[in-house]
Amino acid sequence: MEKRRLGRTGHMSSVVILGGAAFWEVDQGEADEAFQKALDHGVNHFDVAPQYGNAEDLSGPWMKTHRNQFFLGCKTLNREADTARAEMEVSLKKLQTEKFDLYQLHAITSFEDLDKATSKDGALEAIVKAKEEGLTNYVGITGHGVNSPAVFLEALNRYDFDTVMFGFNIVQFTNPEYRRDALKLM
């Protein structure tokens with residue numbers, strides 16, 4: 001499996017990652033099979049979020065016994081510090097792990113989202129504190145949509161994120177503003 005460096009984490013992530021969204025409505029047997037196939041094929045990066053149905057519950061047994069084989073990324077849609085922290089703690093418990101490799105502000109698609117998440121008592125504050133406490137190694141930001149590159153350029157002015165993940169495709173790249181901002185961001 002080909003691997004590439006993930007942002008500033010230094011981790012060489014497999015170019016194919018195991019996405020927890022695939023576990024939305026499966027049973028434990030199907031999840032177990034997917035995890036084993038991922039390992040058998042060199043996948044070393046698992047991405048999950050509380051919003052992915054049963055994904056955290058089904059992944060917990062694997063993280064408990066195979067944690068050292070996966071780079072574990074999780075994320076929050078919450079924009080306030082207290083709710084983001086509470087959600088993070090629930091995710092840690094469900095995933096049966098003591099820490100994340102990467103915890104991300106998820107689906108930041110507008111400047112309004114960014115303002116909320118990066119304000120005093122915003123979710124970023126809780127994630128940075130969790131990093132200081134050793135609950136995550138890295139802090140990231142994700143989002144989709146034509147405005148994401150412009151929003152993330154501003155986000156990097158507010159915090160030195162370790163990873164920035166956004167959709168990149170030919171349809172969006174034909175938009176001149178998207179292309180300009182995406183190239184600056186990269």
# chains A, B, ... in the order shown; residues from 1 in each chain; ligands from 1
call {"tool": "residues_around", "arguments": {"residues": "Ala107 in chain A", "least_positions_apart": "2", "cutoff": "10 Å", "atoms": "only C-alpha atoms", "output": "list in words"}}
result
Lys75, Thr76, Leu77, Asn78, Gln104, Leu105, Thr109, Ser110, Asp113, Leu114, Ile141, Thr142, Gly143, His144, Gly145, Ser148, Met165 and Phe166 of chain A
call {"tool": "select_by_dssp", "arguments": {"residues": "chain A", "states": "helix (DSSP H, G or I)", "output": "PyMOL selection string"}}
result
chain A and resi 20-23+28-40+55-69+81-94+111-118+123-132+148-158+170-173+176-185
call {"tool": "closest_residue", "arguments": {"among": "A:His106, A:Arg158, A:His11, A:Lys37", "to": "Lys120 in chain A", "atoms": "only C-alpha atoms"}}
result
A:Arg158
call {"tool": "residues_around", "arguments": {"residues": "range 67-69 of chain A", "least_positions_apart": "4", "cutoff": "10 Å", "atoms": "only C-alpha atoms", "output": "MDAnalysis selection string"}}
result
chainID A and resid 39 42:46 60:63 95:100
call {"tool": "atom_distance", "arguments": {"atom1": "CA of Ala182 in chain A", "atom2": "CA of Thr136 in chain A"}}
result
27.1 Å
call {"tool": "closest_residue", "arguments": {"among": "A:Arg79, A:Val26, A:Cys74, A:Met1", "to": "Asp40 in chain A", "atoms": "only C-alpha atoms"}}
result
A:Met1
call {"tool": "atom_distance", "arguments": {"atom1": "CA of Leu156 in chain A", "atom2": "CA of Asn137 in chain A"}}
result
18.0 Å
call {"tool": "closest_residue", "arguments": {"among": "A:Glu2, A:His41, A:Phe161, A:Gly53", "to": "Ala22 in chain A", "atoms": "only C-alpha atoms"}}
result
A:Gly53
call {"tool": "atom_distance", "arguments": {"atom1": "CA of Arg8 in chain A", "atom2": "CA of Thr163 in chain A"}}
result
6.6 Å
call {"tool": "select_by_dssp", "arguments": {"residues": "range 48-150 of chain A", "states": "strand (DSSP E or B)", "output": "PDB file with N, CA, C and O atoms, in the first residue's frame"}}
result
ATOM      1  N   PHE A  71      -3.429   4.848  12.694  1.00  0.00           N
ATOM      2  CA  PHE A  71      -3.434   6.271  12.995  1.00  0.00           C
ATOM      3  C   PHE A  71      -4.910   6.614  13.142  1.00  0.00           C
ATOM      4  O   PHE A  71      -5.701   6.388  12.220  1.00  0.00           O
ATOM      5  N   LEU A  72      -5.311   7.105  14.300  1.00  0.00           N
ATOM      6  CA  LEU A  72      -6.722   7.328  14.598  1.00  0.00           C
ATOM      7  C   LEU A  72      -7.075   8.807  14.535  1.00  0.00           C
ATOM      8  O   LEU A  72      -6.581   9.611  15.321  1.00  0.00           O
ATOM      9  N   GLY A  73      -7.944   9.125  13.581  1.00  0.00           N
ATOM     10  CA  GLY A  73      -8.442  10.485  13.450  1.00  0.00           C
ATOM     11  C   GLY A  73      -9.920  10.535  13.781  1.00  0.00           C
ATOM     12  O   GLY A  73     -10.693   9.672  13.364  1.00  0.00           O
ATOM     13  N   CYS A  74     -10.311  11.544  14.549  1.00  0.00           N
ATOM     14  CA  CYS A  74     -11.714  11.757  14.900  1.00  0.00           C
ATOM     15  C   CYS A  74     -12.004  13.237  14.738  1.00  0.00           C
ATOM     16  O   CYS A  74     -11.084  14.045  14.560  1.00  0.00           O
ATOM     17  N   LYS A  75     -13.262  13.604  14.808  1.00  0.00           N
ATOM     18  CA  LYS A  75     -13.618  14.999  14.555  1.00  0.00           C
ATOM     19  C   LYS A  75     -14.925  15.371  15.230  1.00  0.00           C
ATOM     20  O   LYS A  75     -15.673  14.505  15.661  1.00  0.00           O
ATOM     21  N   THR A  76     -15.167  16.678  15.282  1.00  0.00           N
ATOM     22  CA  THR A  76     -16.380  17.186  15.911  1.00  0.00           C
ATOM     23  C   THR A  76     -17.061  18.201  15.011  1.00  0.00           C
ATOM     24  O   THR A  76     -16.396  19.005  14.345  1.00  0.00           O
ATOM     25  N   GLU A  80     -18.791  24.838  20.005  1.00  0.00           N
ATOM     26  CA  GLU A  80     -18.523  25.392  21.330  1.00  0.00           C
ATOM     27  C   GLU A  80     -17.581  24.461  22.098  1.00  0.00           C
ATOM     28  O   GLU A  80     -17.621  23.247  21.940  1.00  0.00           O
ATOM     29  N   PHE A 100      -6.313  10.252  20.781  1.00  0.00           N
ATOM     30  CA  PHE A 100      -6.400  10.287  19.328  1.00  0.00           C
ATOM     31  C   PHE A 100      -5.045  10.684  18.778  1.00  0.00           C
ATOM     32  O   PHE A 100      -4.280  11.386  19.442  1.00  0.00           O
ATOM     33  N   ASP A 101      -4.776  10.280  17.561  1.00  0.00           N
ATOM     34  CA  ASP A 101      -3.611  10.820  16.872  1.00  0.00           C
ATOM     35  C   ASP A 101      -3.944  12.206  16.329  1.00  0.00           C
ATOM     36  O   ASP A 101      -3.120  13.114  16.360  1.00  0.00           O
ATOM     37  N   LEU A 102      -5.170  12.351  15.838  1.00  0.00           N
ATOM     38  CA  LEU A 102      -5.609  13.603  15.214  1.00  0.00           C
ATOM     39  C   LEU A 102      -7.050  13.873  15.606  1.00  0.00           C
ATOM     40  O   LEU A 102      -7.899  12.989  15.499  1.00  0.00           O
ATOM     41  N   TYR A 103      -7.322  15.083  16.070  1.00  0.00           N
ATOM     42  CA  TYR A 103      -8.691  15.489  16.348  1.00  0.00           C
ATOM     43  C   TYR A 103      -8.945  16.764  15.553  1.00  0.00           C
ATOM     44  O   TYR A 103      -8.129  17.693  15.568  1.00  0.00           O
ATOM     45  N   GLN A 104     -10.102  16.807  14.861  1.00  0.00           N
ATOM     46  CA  GLN A 104     -10.332  17.853  13.876  1.00  0.00           C
ATOM     47  C   GLN A 104     -11.634  18.606  14.073  1.00  0.00           C
ATOM     48  O   GLN A 104     -12.652  18.011  14.451  1.00  0.00           O
ATOM     49  N   LEU A 105     -11.597  19.886  13.762  1.00  0.00           N
ATOM     50  CA  LEU A 105     -12.820  20.655  13.572  1.00  0.00           C
ATOM     51  C   LEU A 105     -13.374  20.170  12.240  1.00  0.00           C
ATOM     52  O   LEU A 105     -12.676  20.209  11.228  1.00  0.00           O
ATOM     53  N   GLY A 122     -14.701  28.583  21.980  1.00  0.00           N
ATOM     54  CA  GLY A 122     -15.039  27.804  20.796  1.00  0.00           C
ATOM     55  C   GLY A 122     -14.403  26.421  20.850  1.00  0.00           C
ATOM     56  O   GLY A 122     -13.544  26.132  21.697  1.00  0.00           O
ATOM     57  N   THR A 136      -4.818  14.173  22.379  1.00  0.00           N
ATOM     58  CA  THR A 136      -4.602  14.099  20.932  1.00  0.00           C
ATOM     59  C   THR A 136      -3.201  14.603  20.646  1.00  0.00           C
ATOM     60  O   THR A 136      -2.684  15.473  21.368  1.00  0.00           O
ATOM     61  N   ASN A 137      -2.603  14.059  19.609  1.00  0.00           N
ATOM     62  CA  ASN A 137      -1.264  14.518  19.213  1.00  0.00           C
ATOM     63  C   ASN A 137      -1.315  15.715  18.283  1.00  0.00           C
ATOM     64  O   ASN A 137      -0.419  16.553  18.301  1.00  0.00           O
ATOM     65  N   TYR A 138      -2.352  15.758  17.455  1.00  0.00           N
ATOM     66  CA  TYR A 138      -2.418  16.775  16.410  1.00  0.00           C
ATOM     67  C   TYR A 138      -3.815  17.366  16.315  1.00  0.00           C
ATOM     68  O   TYR A 138      -4.794  16.725  16.687  1.00  0.00           O
ATOM     69  N   VAL A 139      -3.866  18.588  15.769  1.00  0.00           N
ATOM     70  CA  VAL A 139      -5.120  19.314  15.594  1.00  0.00           C
ATOM     71  C   VAL A 139      -5.304  19.608  14.113  1.00  0.00           C
ATOM     72  O   VAL A 139      -4.387  20.113  13.454  1.00  0.00           O
ATOM     73  N   GLY A 140      -6.494  19.292  13.595  1.00  0.00           N
ATOM     74  CA  GLY A 140      -6.768  19.517  12.184  1.00  0.00           C
ATOM     75  C   GLY A 140      -8.096  20.201  11.954  1.00  0.00           C
ATOM     76  O   GLY A 140      -8.868  20.463  12.883  1.00  0.00           O
ATOM     77  N   ILE A 141      -8.347  20.475  10.681  1.00  0.00           N
ATOM     78  CA  ILE A 141      -9.587  21.106  10.258  1.00  0.00           C
ATOM     79  C   ILE A 141     -10.011  20.458   8.943  1.00  0.00           C
ATOM     80  O   ILE A 141      -9.162  20.109   8.123  1.00  0.00           O
ATOM     81  N   THR A 142     -11.314  20.255   8.770  1.00  0.00           N
ATOM     82  CA  THR A 142     -11.838  19.655   7.543  1.00  0.00           C
ATOM     83  C   THR A 142     -13.024  20.454   7.038  1.00  0.00           C
ATOM     84  O   THR A 142     -13.674  21.164   7.799  1.00  0.00           O
ATOM     85  N   GLY A 143     -13.315  20.291   5.766  1.00  0.00           N
ATOM     86  CA  GLY A 143     -14.503  20.916   5.204  1.00  0.00           C
ATOM     87  C   GLY A 143     -14.645  20.591   3.732  1.00  0.00           C
ATOM     88  O   GLY A 143     -13.688  20.181   3.077  1.00  0.00           O
TER      89      GLY A 143
END
call {"tool": "closest_residue", "arguments": {"among": "A:Val48, A:Ile127, A:Leu6, A:Leu58", "to": "Ala31 in chain A", "atoms": "only C-alpha atoms"}}
result
A:Leu58
call {"tool": "decode", "arguments": {"residues": "range 43-59 of chain A", "atoms": "N, CA, C and O atoms", "output": "JSON list (two decimals), in the first residue's frame"}}
result
[["chain", "number", "residue", "atom", "x", "y", "z"],
["A", 43, "VAL", "N", -3.65, -0.88, 5.10],
["A", 43, "VAL", "CA", -4.29, 0.36, 5.53],
["A", 43, "VAL", "C", -3.90, 0.62, 6.99],
["A", 43, "VAL", "O", -4.02, -0.26, 7.83],
["A", 44, "ASN", "N", -3.43, 1.83, 7.25],
["A", 44, "ASN", "CA", -2.95, 2.15, 8.60],
["A", 44, "ASN", "C", -3.58, 3.41, 9.18],
["A", 44, "ASN", "O", -3.09, 3.95, 10.17],
["A", 45, "HIS", "N", -4.64, 3.90, 8.56],
["A", 45, "HIS", "CA", -5.27, 5.15, 8.98],
["A", 45, "HIS", "C", -6.78, 4.92, 9.08],
["A", 45, "HIS", "O", -7.40, 4.48, 8.11],
["A", 46, "PHE", "N", -7.34, 5.21, 10.23],
["A", 46, "PHE", "CA", -8.78, 5.07, 10.45],
["A", 46, "PHE", "C", -9.35, 6.42, 10.82],
["A", 46, "PHE", "O", -8.85, 7.12, 11.69],
["A", 47, "ASP", "N", -10.43, 6.79, 10.13],
["A", 47, "ASP", "CA", -11.09, 8.07, 10.33],
["A", 47, "ASP", "C", -12.53, 7.81, 10.78],
["A", 47, "ASP", "O", -13.25, 7.05, 10.15],
["A", 48, "VAL", "N", -12.94, 8.46, 11.87],
["A", 48, "VAL", "CA", -14.26, 8.22, 12.42],
["A", 48, "VAL", "C", -14.81, 9.53, 13.00],
["A", 48, "VAL", "O", -14.05, 10.47, 13.25],
["A", 49, "ALA", "N", -16.11, 9.56, 13.19],
["A", 49, "ALA", "CA", -16.77, 10.71, 13.81],
["A", 49, "ALA", "C", -18.02, 10.22, 14.53],
["A", 49, "ALA", "O", -18.62, 9.22, 14.13],
["A", 50, "PRO", "N", -18.43, 10.92, 15.58],
["A", 50, "PRO", "CA", -19.65, 10.53, 16.30],
["A", 50, "PRO", "C", -20.89, 10.49, 15.42],
["A", 50, "PRO", "O", -21.83, 9.76, 15.69],
["A", 51, "GLN", "N", -20.88, 11.25, 14.34],
["A", 51, "GLN", "CA", -22.05, 11.33, 13.47],
["A", 51, "GLN", "C", -22.17, 10.12, 12.54],
["A", 51, "GLN", "O", -23.13, 10.02, 11.79],
["A", 52, "TYR", "N", -21.22, 9.19, 12.57],
["A", 52, "TYR", "CA", -21.22, 8.06, 11.64],
["A", 52, "TYR", "C", -21.96, 6.86, 12.21],
["A", 52, "TYR", "O", -21.44, 5.75, 12.25],
["A", 53, "GLY", "N", -23.18, 7.06, 12.64],
["A", 53, "GLY", "CA", -24.02, 5.96, 13.11],
["A", 53, "GLY", "C", -23.37, 5.16, 14.23],
["A", 53, "GLY", "O", -22.96, 5.73, 15.24],
["A", 54, "ASN", "N", -23.23, 3.85, 14.02],
["A", 54, "ASN", "CA", -22.65, 2.96, 15.04],
["A", 54, "ASN", "C", -21.14, 2.82, 14.93],
["A", 54, "ASN", "O", -20.55, 1.97, 15.60],
["A", 55, "ALA", "N", -20.51, 3.62, 14.12],
["A", 55, "ALA", "CA", -19.09, 3.44, 13.82],
["A", 55, "ALA", "C", -18.19, 3.39, 15.05],
["A", 55, "ALA", "O", -17.32, 2.52, 15.15],
["A", 56, "GLU", "N", -18.38, 4.30, 15.98],
["A", 56, "GLU", "CA", -17.49, 4.31, 17.15],
["A", 56, "GLU", "C", -17.68, 3.06, 18.01],
["A", 56, "GLU", "O", -16.70, 2.46, 18.47],
["A", 57, "ASP", "N", -18.92, 2.67, 18.22],
["A", 57, "ASP", "CA", -19.19, 1.47, 19.02],
["A", 57, "ASP", "C", -18.59, 0.22, 18.38],
["A", 57, "ASP", "O", -18.01, -0.62, 19.06],
["A", 58, "LEU", "N", -18.74, 0.09, 17.07],
["A", 58, "LEU", "CA", -18.25, -1.08, 16.36],
["A", 58, "LEU", "C", -16.73, -1.09, 16.24],
["A", 58, "LEU", "O", -16.11, -2.14, 16.11],
["A", 59, "SER", "N", -16.12, 0.09, 16.29],
["A", 59, "SER", "CA", -14.66, 0.21, 16.14],
["A", 59, "SER", "C", -13.92, 0.05, 17.44],
["A", 59, "SER", "O", -12.72, -0.27, 17.45]]
